[in-house]
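Participant: I have a structure here, written as structure tokens, and I will follow up with some questions on it.
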Amino acid sequence: MIKKWLQVLGISLGVLLAGCESVSTTDEGAIGVNREQKMFSLLSQSQVHKMASKAYVEALKQAHGERRLNRRPYEVKRLRQIASRLILQVGVFRQDARQWSWEVNLIDDPQLNAYCMPGGKIMFYSGIIHTLALTNDEIAAIMGHEIAHALREHGREAMSQAYALQLGHDALGILFGVDQDLLDVGSTVVNYALTLPNSRTNEAEADLIGLELMARAGYNPEAAVSLWQKMSAQSSQGLPEFLSTHPAHDTRINGLRANIAKVKPLYRAAISRR
């Protein structure tokens, strides 16, 4: 059994290490985000962009078929104007992102949601704008945060982690012939032990890069704080921080406040040029 264990472990580690590489997806900017990330080399940026684009097109088709896509011309124009200013700043963190196929659309839906897929496909839901009565600065805070996820390739990073977890999952199954239900429980434990802390790190990075993007685009970084105060007021209850992929609201707000001074000069400079 020990010999078999060593063989499976050796093969798994060999595949994992051979396919894994350390990358720096973005420059650190004034805000100083410089964590080195682990990616599977076989999972390229272009592959992830293609997968994201396909999923985005499907979401657009569904919303169009349900007559919920871009039905509020004023709001669509508003979102696209804010996005255009933010996108002009992405070169600070990575030059290649300036050539991404950026796109912004709005779905009529009450949920409080927005995202930016890998490659620059942005989606907002009307619920987050109207329920929170968002100002342009607060929209820029959300959009900057979501753009930051794309710039840092957090999606590709999460997929790389999933491959690593699946590899370990398969190795355990081969080695011990574990019952699938028990193996699923084990996978959940591994997910919380390994993936979850990194997910919170990704959220914090997106907060900071988003803060700098909005400041450079001439949007008041203080709005990032007011945004999360509104989000906190909407949350009737929340998961404990150690079980959530997002930082607790107070933790997030304190982190933003602690870094506003770093980007305030960028905001003042942007305002002076307008």
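We label chains A, B, ... in the order they appear in the structure tokens, count residues from 1 in each chain, and number ligands from 1 in the order shown.
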Tell me, counting only C-alpha atoms, for each residue of segment 54-168 of chain A within 7 Å of segment 199-215 of chain A, which pair of atoms is nearest and how far apart they are in Å to one decimal, in rows ordered by chain and increasing number, as a tab-separated table.

Facilitator:
residue	atom	partner	partner_atom	distance
A:Leu86	CA	A:Leu213	CA	6.1
A:Gln89	CA	A:Leu213	CA	6.2
A:Ala140	CA	A:Met214	CA	5.9
A:Ala141	CA	A:Met214	CA	6.3
A:Gly144	CA	A:Gly210	CA	4.0
A:His145	CA	A:Gly210	CA	4.2
A:Glu146	CA	A:Ala206	CA	7.0
A:Ala148	CA	A:Ala206	CA	4.9
A:His149	CA	A:Ala206	CA	5.5
A:His154	CA	A:Asn202	CA	6.7

Participant: Show me, as a list in words, the residues that have an atom within 12 Å of Gln81 of chain A when counting only C-alpha atoms, minus same-chain residues fewer than 5 positions from it.

Facilitator: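 Residues meeting the cut-off are Tyr74, Glu75, Val76, Leu86, Ile87, Leu88, Glu103, Val104, Asn105, Asn136, Asp137, Ile139, Ala140, Met143 and Ala217 of chain A.
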
Participant: Return as number ranges by chain the full set of residues in segment 10-66 of chain A whose backbone-based DSSP assignment is strand (DSSP E).

Facilitator: A: 20-23, 37-40

Participant: Keeping only N, CA, C and O atoms, write those residues as an mmCIF file, in the first residue's frame.

Facilitator:
data_model
loop_
_atom_site.group_PDB
_atom_site.id
_atom_site.type_symbol
_atom_site.label_atom_id
_atom_site.label_comp_id
_atom_site.auth_asym_id
_atom_site.auth_seq_id
_atom_site.Cartn_x
_atom_site.Cartn_y
_atom_site.Cartn_z
ATOM 1 N N CYS A 20 2.451 23.777 -13.624
ATOM 2 C CA CYS A 20 2.221 24.989 -12.840
ATOM 3 C C CYS A 20 3.362 25.981 -13.033
ATOM 4 O O CYS A 20 4.532 25.609 -13.097
ATOM 5 N N GLU A 21 3.008 27.261 -13.158
ATOM 6 C CA GLU A 21 4.028 28.297 -13.298
ATOM 7 C C GLU A 21 3.635 29.520 -12.485
ATOM 8 O O GLU A 21 2.457 29.796 -12.264
ATOM 9 N N SER A 22 4.643 30.239 -12.019
ATOM 10 C CA SER A 22 4.408 31.485 -11.288
ATOM 11 C C SER A 22 4.355 32.638 -12.275
ATOM 12 O O SER A 22 5.219 32.745 -13.152
ATOM 13 N N VAL A 23 3.342 33.482 -12.141
ATOM 14 C CA VAL A 23 3.184 34.601 -13.067
ATOM 15 C C VAL A 23 2.868 35.878 -12.294
ATOM 16 O O VAL A 23 2.356 35.833 -11.176
ATOM 17 N N GLN A 37 1.234 34.832 -8.673
ATOM 18 C CA GLN A 37 0.142 33.876 -8.789
ATOM 19 C C GLN A 37 0.610 32.575 -9.437
ATOM 20 O O GLN A 37 1.556 32.565 -10.210
ATOM 21 N N LYS A 38 -0.086 31.489 -9.116
ATOM 22 C CA LYS A 38 0.212 30.177 -9.687
ATOM 23 C C LYS A 38 -0.844 29.842 -10.736
ATOM 24 O O LYS A 38 -2.036 29.857 -10.454
ATOM 25 N N MET A 39 -0.406 29.548 -11.946
ATOM 26 C CA MET A 39 -1.309 29.199 -13.038
ATOM 27 C C MET A 39 -0.841 27.900 -13.699
ATOM 28 O O MET A 39 0.356 27.611 -13.765
ATOM 29 N N PHE A 40 -1.799 27.146 -14.229
ATOM 30 C CA PHE A 40 -1.452 25.995 -15.056
ATOM 31 C C PHE A 40 -1.099 26.494 -16.444
ATOM 32 O O PHE A 40 -1.891 27.170 -17.099
#

Participant: Fewer than 4 positions away in the same chain doesn't count, so skip those; otherwise give me all residues within 12 Å of Lys50 of chain A, counting only C-alpha atoms, as a VMD selection string.

Facilitator: chain A and resid 43 to 46 54 to 57 100 to 101 117 to 121 156

Participant: Considering only C-alpha atoms, state which residue in the set A:His249, A:Arg268, A:Arg68, A:His130 is at the smallest distance from Asp108 of chain A.

Facilitator: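 Nearest to Asp108 of chain A: A:Arg68.
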
Participant: Hey, can you check how far atom CA of Gln234 of chain A sits from atom CA of Asn220 of chain A?

Facilitator: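 One can read the atom CA of Gln234 of chain A to atom CA of Asn220 of chain A distance as 22.3 Å.
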
Participant: Would you work out the distance separating atom CA of Leu134 of chain A from atom CA of Tyr267 of chain A, expressed in Å to one decimal?

Facilitator: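 Result for atom CA of Leu134 of chain A versus atom CA of Tyr267 of chain A: 19.4 Å, one decimal.
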